[in-house]
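The block underneath contains the structure these notes are about, expressed in structure tokens.
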Amino acid sequence: MGKAELPLHAPGTQVDRGYIGESVPRPNAQRLLQGRGAFIDDLRLPRLAHVAFFRSPHAHARIKKLDFEKARRADGVIGVFDGRAVAEYCKPWVAVLGHLKGIKSPPQHAIAIERACWQGEALAAVVAESRSQAEDAVALIEAEWEELPVVVDMEESLQNKTTIHPELGDNICFNRELDTGGVEEAFAKADVVVEDTFHFGRHTGVCLEGRAILADYNAAEHSLTVYQATQAPHMMQDIFSRHLGIPEANVRVIAKDVGGSFGIKVHVYPDEMATAALSIMLRRPVKFVADRLESFLSDIHAREHRVKVRLAVSKTGEIVAFDLDDLTAIGPYSVYPRTSGIEGNQVVNLTGGPYRHQKYRAKMNVVFTNKNLTCQYRAVGHPIAVALTEGIVDLAAQKLGMDPAQFRKINLIADDAYPYTFPSGLKFEQLSHHKALDLLLKTMEYSKLRDEQSRLRQQGIYRGIGIAAMIEVTNPSPAFYGVGGARISAQDGATLRLEPTGMVTVMCSVTEQGQGTEAAFAQIAASAVGISIDKVKVITGDTGVTPYGGGTWASRGAGIGGEAVLLAGRALRSNMLDVAAAMLKMDKTELDVEKNYVVNLLTREKKIDLAELGRVAYFRPDTLPLDFQSELTVTRHYTPRQYAFAFTNGIQASLVEVDVETGFVQLLKHWCVEDSGTVINPMLVDEQLRGGVVQGIGAALFEECVYGPDGQLLNGNLADYLVPMAGEMPDIVCAHIETPTRQSQLGAKGVGEAGTAGAPGAVMNAINDALLPFNARVTAMPFTPERILKALKKV
């Protein structure tokens, strides 16, 4: 049987099976393990200079004077620059989106000019021959300040007693209200109404590799080459071009190996823009690498929310209505170009997402404060929406005396109800909530765990079981950013080239951030073309080489970039068969490509080695018919259009044990069932899920950027800011359902954020389940021992 188009796991979706569905090791793993990775700080260029930034020690202060005299005389110093000097080369930006009606933010400069609005904002740059010399000179800068009123608390910011940007009129960056109608009537008629307030602590990405950039301006060509740890090279190419005044074709952005991103490296950072501007000013390469202390002060934060939620249910357990009030603080500016309104907007869109209610009201305010900026970070809004939804759902089940799993069975959207429109307006193509719940309960042996929990409680051992159902935005269309005017591509492109030796080079606009992009694309290309995976070379992250595309964000790499690779691979195989047919004087329909050979479609007899095909096509085309031209380089693009997003769904469960004397939580086991469409590489998918779960556990139990009333970050170091460690993590069991999207031939959806989205809610519900005998409850993340003991009224 030919390999042309075999059905994968679901009717209606056709892919070339090949390596699809196999756990193939990452092709770049050996290189990285042998220390051959090429990260930004590994790069050395002639005349390379280093920049360090003088950052504000105050959360809000006017700059009265900056004295650079001593810094300029320091050893190795090339130049010292303030915000006005850099502004002559770099235009400021305003981060708003047209479809977020009413969003506002003041202009932001690469280096602040008149005042600092958060502790850590860059106010001057020192360029020197070495990083250490630049840092030493920074310490010599003398400043005079006029301290200004500081707004730290978001409730205070909403009241607008002190306006951070008077020209904007108030502290509200963005607000949104949604009302389906009939909500008050539904609550009035409900048999049971539950309500609670949830708090989510702000935290940050703590990437292994800090933010890093090396900018190299060539005055002779008026060109700029930027080596940057970024998720979106083409987006940054456009931004450097427009804000630095260089034609886009003259800007090349290269993202080599990147040591983790999690959304942290998809934004425009003032210090990185300043680095590029300084390269132009000095006409030499300039490098900036954020150290860990700088990262805590300047990498974007996320997740600071206070959410009040009400739920109306019938006595038989049906959800009747949701009512939501979300307040979130973003720092003094909206982050460019994606804005800081998206996370709150996602909370409004996604709350209640797995359930079949139709009455929904939501109010959301995004406010400015004098803290570090917040913006999109792994799972953008999902952990908040899932946790508050699942937390209030568990509270309703508890009030009804109903098992939480049974309550969900009653309310989850039926698997045969699709396509389905959610009250917030989101459209779901096809989800599998009930299949996922059934598989979860079977995998975890739910009934046995409940029996064990009951027995152990009699012995004074308090275990809890928490469940969290979820939906996840993946494969975003232009409806996410492009419709709002942002120059952020929703498409991706792939170029496949057959080399004379029979190998295939894949060049794709999706970047490798450590998530396994290169492995997945190699599998897709090998399967589509008909070659062994060792014959595939993947290149990503270079605007001078790859087709134009969006890059890596919002769980889009496999679903959008992978589809482009598949389409290009199929087109290349077709063109290869054209060459083979001309060489063999056979009909193209009689031929196929399999295991690096052109073969007879029916007999599978080998006809031509691909190396021979390449030799003839490239070096002896004179032996082919006069009217024939081989085309062995193919480019294809893909953009989702039918739906705004390819939603995935999943469900997680957590088993914990709470020591009610100390407040410590022991994670015993975690389960994750996910439906991410066609699974290309099960090992990579499970790695993504487990890594995401660990990150979600970090939010639930450990991570929080703590600020004092004066706007000072109190724990901006790895001694005081806690991150999840391997020894504290439970076994994480992954299971899969596959419902491929029919928007693409590959059928793949995203998976990179699912673990992070569901884990905090599952852990929270597990802790509260363990505390149930004490009538205690925690709703403020992270759930530290102190907060648990307070809930138990022991401190």
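Chain labels follow the order of the structure tokens: the first chain is A, the next B, and so on; residue numbering restarts at 1 in every chain, and ligands are counted from 1 in their shown order.
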
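Looking only at region 34-110 of chain A, the set that DSSP places in strand (DSSP E) from backbone geometry is Ala49, His50, Val51, Ala52, Phe53, Phe54, Arg55, Ala61, Arg62, Ile63, Lys64, Lys65, Leu66, Asp67, Val77, Ile78, Gly79, Val80, Phe81 and Asp82 of chain A.
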
Output file for the selection above: N, CA and C atoms, as an mmCIF file, in the first residue's frame:
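Result file follows (selection22.cif):
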data_model
loop_
_atom_site.group_PDB
_atom_site.id
_atom_site.type_symbol
_atom_site.label_atom_id
_atom_site.label_comp_id
_atom_site.auth_asym_id
_atom_site.auth_seq_id
_atom_site.Cartn_x
_atom_site.Cartn_y
_atom_site.Cartn_z
ATOM 1 N N ALA A 49 31.521 45.956 22.187
ATOM 2 C CA ALA A 49 31.392 46.732 23.418
ATOM 3 C C ALA A 49 30.238 46.155 24.244
ATOM 4 N N HIS A 50 30.242 46.500 25.527
ATOM 5 C CA HIS A 50 29.228 45.981 26.447
ATOM 6 C C HIS A 50 28.515 47.143 27.117
ATOM 7 N N VAL A 51 27.212 46.983 27.322
ATOM 8 C CA VAL A 51 26.437 48.037 27.959
ATOM 9 C C VAL A 51 25.876 47.546 29.282
ATOM 10 N N ALA A 52 25.897 48.413 30.274
ATOM 11 C CA ALA A 52 25.229 48.203 31.553
ATOM 12 C C ALA A 52 24.369 49.426 31.821
ATOM 13 N N PHE A 53 23.285 49.242 32.560
ATOM 14 C CA PHE A 53 22.310 50.318 32.733
ATOM 15 C C PHE A 53 22.257 50.802 34.177
ATOM 16 N N PHE A 54 22.181 52.103 34.297
ATOM 17 C CA PHE A 54 21.913 52.728 35.590
ATOM 18 C C PHE A 54 20.405 52.708 35.785
ATOM 19 N N ARG A 55 19.952 52.023 36.821
ATOM 20 C CA ARG A 55 18.514 51.803 37.022
ATOM 21 C C ARG A 55 18.022 52.536 38.266
ATOM 22 N N ALA A 61 9.997 58.554 40.859
ATOM 23 C CA ALA A 61 10.807 59.728 41.204
ATOM 24 C C ALA A 61 11.127 60.525 39.952
ATOM 25 N N ARG A 62 11.179 61.843 40.141
ATOM 26 C CA ARG A 62 11.598 62.728 39.055
ATOM 27 C C ARG A 62 13.119 62.861 39.098
ATOM 28 N N ILE A 63 13.731 62.831 37.916
ATOM 29 C CA ILE A 63 15.185 62.958 37.817
ATOM 30 C C ILE A 63 15.540 64.440 37.845
ATOM 31 N N LYS A 64 16.183 64.876 38.902
ATOM 32 C CA LYS A 64 16.595 66.274 38.989
ATOM 33 C C LYS A 64 17.955 66.488 38.333
ATOM 34 N N LYS A 65 18.851 65.490 38.483
ATOM 35 C CA LYS A 65 20.179 65.640 37.915
ATOM 36 C C LYS A 65 20.846 64.275 37.791
ATOM 37 N N LEU A 66 21.513 64.045 36.681
ATOM 38 C CA LEU A 66 22.372 62.873 36.493
ATOM 39 C C LEU A 66 23.779 63.371 36.191
ATOM 40 N N ASP A 67 24.740 63.007 37.016
ATOM 41 C CA ASP A 67 26.128 63.441 36.834
ATOM 42 C C ASP A 67 26.953 62.257 36.334
ATOM 43 N N VAL A 77 35.676 52.881 29.626
ATOM 44 C CA VAL A 77 34.383 53.446 29.247
ATOM 45 C C VAL A 77 34.477 54.092 27.864
ATOM 46 N N ILE A 78 33.530 53.750 27.009
ATOM 47 C CA ILE A 78 33.451 54.288 25.652
ATOM 48 C C ILE A 78 32.490 55.468 25.598
ATOM 49 N N GLY A 79 31.410 55.379 26.374
ATOM 50 C CA GLY A 79 30.440 56.466 26.383
ATOM 51 C C GLY A 79 29.392 56.255 27.453
ATOM 52 N N VAL A 80 28.801 57.365 27.915
ATOM 53 C CA VAL A 80 27.702 57.335 28.874
ATOM 54 C C VAL A 80 26.566 58.166 28.286
ATOM 55 N N PHE A 81 25.347 57.630 28.291
ATOM 56 C CA PHE A 81 24.248 58.247 27.565
ATOM 57 C C PHE A 81 22.991 58.286 28.423
ATOM 58 N N ASP A 82 22.262 59.397 28.327
ATOM 59 C CA ASP A 82 20.979 59.476 29.024
ATOM 60 C C ASP A 82 19.842 59.243 28.039
#

Run DSSP on the backbone of this structure and report the residues of region 86-308 of chain A it assigns to alpha helix (DSSP H), as a PyMOL selection string.
chain A and resi 86-87+131-138+154-159+183-189+233-244+270-282+292-298

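Rounded to one decimal, CA of Met576 (chain A) and CA of Gly541 (chain A) lie 27.0 Å from each other.
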
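Proximity of A:Leu496, A:Leu626, A:Leu440, A:Met583 to Ser654 (chain A), computed with only C-alpha atoms, is greatest for A:Leu440.
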
Per residue of region 716-764 of chain A within 12 Å of region 198-217 of chain A, record the nearest atom pair and its distance in Å to one decimal, counting only C-alpha atoms, with rows in chain order and ascending residue number, as CSV.
residue,atom,partner,partner_atom,distance
A:Gly716,CA,A:Thr204,CA,10.4
A:Asn717,CA,A:Val206,CA,10.0
A:Leu718,CA,A:Val206,CA,9.1
A:Tyr721,CA,A:His203,CA,9.2
A:Leu722,CA,A:His203,CA,10.1
A:Val723,CA,A:Val206,CA,8.3
A:Pro724,CA,A:Val206,CA,11.0
A:Pro760,CA,A:Phe200,CA,10.1
A:Gly761,CA,A:Phe198,CA,11.0
A:Met764,CA,A:Phe198,CA,10.8

Write the residues of the preceding selection, restricted to N, CA, C and O atoms, as a PDB file, in the first residue's frame.
ATOM      1  N   GLY A 716      13.882  39.956  45.092  1.00  0.00           N
ATOM      2  CA  GLY A 716      14.368  39.860  43.717  1.00  0.00           C
ATOM      3  C   GLY A 716      15.667  39.106  43.571  1.00  0.00           C
ATOM      4  O   GLY A 716      16.635  39.613  42.979  1.00  0.00           O
ATOM      5  N   ASN A 717      15.722  37.906  44.108  1.00  0.00           N
ATOM      6  CA  ASN A 717      16.912  37.055  43.980  1.00  0.00           C
ATOM      7  C   ASN A 717      16.477  35.617  44.217  1.00  0.00           C
ATOM      8  O   ASN A 717      15.397  35.357  44.772  1.00  0.00           O
ATOM      9  N   LEU A 718      17.321  34.673  43.822  1.00  0.00           N
ATOM     10  CA  LEU A 718      16.948  33.265  43.922  1.00  0.00           C
ATOM     11  C   LEU A 718      17.142  32.687  45.324  1.00  0.00           C
ATOM     12  O   LEU A 718      16.879  31.506  45.532  1.00  0.00           O
ATOM     13  N   TYR A 721      13.246  34.363  46.256  1.00  0.00           N
ATOM     14  CA  TYR A 721      12.168  34.028  45.324  1.00  0.00           C
ATOM     15  C   TYR A 721      12.217  32.521  45.087  1.00  0.00           C
ATOM     16  O   TYR A 721      13.196  31.995  44.548  1.00  0.00           O
ATOM     17  N   LEU A 722      11.182  31.825  45.497  1.00  0.00           N
ATOM     18  CA  LEU A 722      11.196  30.365  45.441  1.00  0.00           C
ATOM     19  C   LEU A 722      10.708  29.864  44.087  1.00  0.00           C
ATOM     20  O   LEU A 722       9.712  30.353  43.545  1.00  0.00           O
ATOM     21  N   VAL A 723      11.416  28.888  43.547  1.00  0.00           N
ATOM     22  CA  VAL A 723      10.989  28.218  42.322  1.00  0.00           C
ATOM     23  C   VAL A 723      10.856  26.721  42.611  1.00  0.00           C
ATOM     24  O   VAL A 723      11.501  26.196  43.523  1.00  0.00           O
ATOM     25  N   PRO A 724      10.007  26.023  41.888  1.00  0.00           N
ATOM     26  CA  PRO A 724       9.860  24.578  42.126  1.00  0.00           C
ATOM     27  C   PRO A 724      11.135  23.823  41.780  1.00  0.00           C
ATOM     28  O   PRO A 724      11.763  24.101  40.756  1.00  0.00           O
ATOM     29  N   PRO A 760      -2.409  25.068  38.687  1.00  0.00           N
ATOM     30  CA  PRO A 760      -2.713  25.835  39.904  1.00  0.00           C
ATOM     31  C   PRO A 760      -4.107  25.555  40.460  1.00  0.00           C
ATOM     32  O   PRO A 760      -4.278  25.423  41.676  1.00  0.00           O
ATOM     33  N   GLY A 761      -5.090  25.464  39.584  1.00  0.00           N
ATOM     34  CA  GLY A 761      -6.447  25.189  40.044  1.00  0.00           C
ATOM     35  C   GLY A 761      -6.582  23.815  40.654  1.00  0.00           C
ATOM     36  O   GLY A 761      -7.279  23.634  41.671  1.00  0.00           O
ATOM     37  N   MET A 764      -4.889  23.915  44.102  1.00  0.00           N
ATOM     38  CA  MET A 764      -5.722  24.676  45.036  1.00  0.00           C
ATOM     39  C   MET A 764      -6.901  23.842  45.520  1.00  0.00           C
ATOM     40  O   MET A 764      -7.190  23.778  46.729  1.00  0.00           O
TER      41      MET A 764
END

Pick from A:Ala134, A:Lys448, A:Ile461, A:Leu48: nearest to Leu282 (chain A), with only C-alpha atoms counted?
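Closest residue, counting only C-alpha atoms: A:Leu48.
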
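Note that CA of Arg242 (chain A) and CA of Arg487 (chain A) are 11.0 Å apart.
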
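The protein and nucleic acid residues lying at most 8 Å from region 411-414 of chain A are Gly317, Glu318, Ile319, Pro354, Tyr355, Arg356, His357, Ser432, His433 and His434 of chain A, with only C-alpha atoms considered and sequence neighbours fewer than 6 positions away removed.
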
Could you dump the residues just selected with N, CA, C and O atoms as a CSV table (one decimal), in the first residue's frame?
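So out18.csv came out as:
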chain,number,residue,atom,x,y,z
A,317,GLY,N,-27.8,20.5,40.5
A,317,GLY,CA,-26.4,20.6,40.2
A,317,GLY,C,-26.1,21.3,38.9
A,317,GLY,O,-24.9,21.4,38.5
A,318,GLU,N,-27.1,21.8,38.1
A,318,GLU,CA,-26.8,22.5,36.9
A,318,GLU,C,-26.3,24.0,37.1
A,318,GLU,O,-27.0,24.7,37.9
A,319,ILE,N,-25.2,24.3,36.5
A,319,ILE,CA,-24.8,25.7,36.5
A,319,ILE,C,-25.7,26.6,35.8
A,319,ILE,O,-26.1,26.3,34.6
A,354,PRO,N,-15.2,25.4,30.2
A,354,PRO,CA,-15.6,24.0,29.9
A,354,PRO,C,-17.1,23.7,30.1
A,354,PRO,O,-17.5,22.7,29.7
A,355,TYR,N,-17.8,24.7,30.6
A,355,TYR,CA,-19.2,24.4,31.1
A,355,TYR,C,-20.3,25.0,30.2
A,355,TYR,O,-20.1,26.0,29.5
A,356,ARG,N,-21.5,24.4,30.3
A,356,ARG,CA,-22.5,24.7,29.3
A,356,ARG,C,-23.6,25.7,29.8
A,356,ARG,O,-24.7,25.7,29.3
A,357,HIS,N,-23.2,26.5,30.7
A,357,HIS,CA,-24.1,27.6,31.1
A,357,HIS,C,-24.2,28.7,30.0
A,357,HIS,O,-23.3,28.7,29.1
A,432,SER,N,-13.5,17.5,23.8
A,432,SER,CA,-13.7,16.2,24.3
A,432,SER,C,-13.7,16.1,25.8
A,432,SER,O,-13.0,15.3,26.4
A,433,HIS,N,-14.5,17.0,26.5
A,433,HIS,CA,-14.4,17.2,27.9
A,433,HIS,C,-14.8,15.9,28.6
A,433,HIS,O,-14.2,15.5,29.6
A,434,HIS,N,-15.8,15.2,28.2
A,434,HIS,CA,-16.3,14.0,28.9
A,434,HIS,C,-15.4,12.8,28.7
A,434,HIS,O,-15.1,12.1,29.6

CA of Leu43 (chain A) to CA of Thr225 (chain A), distance in Å rounded to a single decimal:
13.0 Å
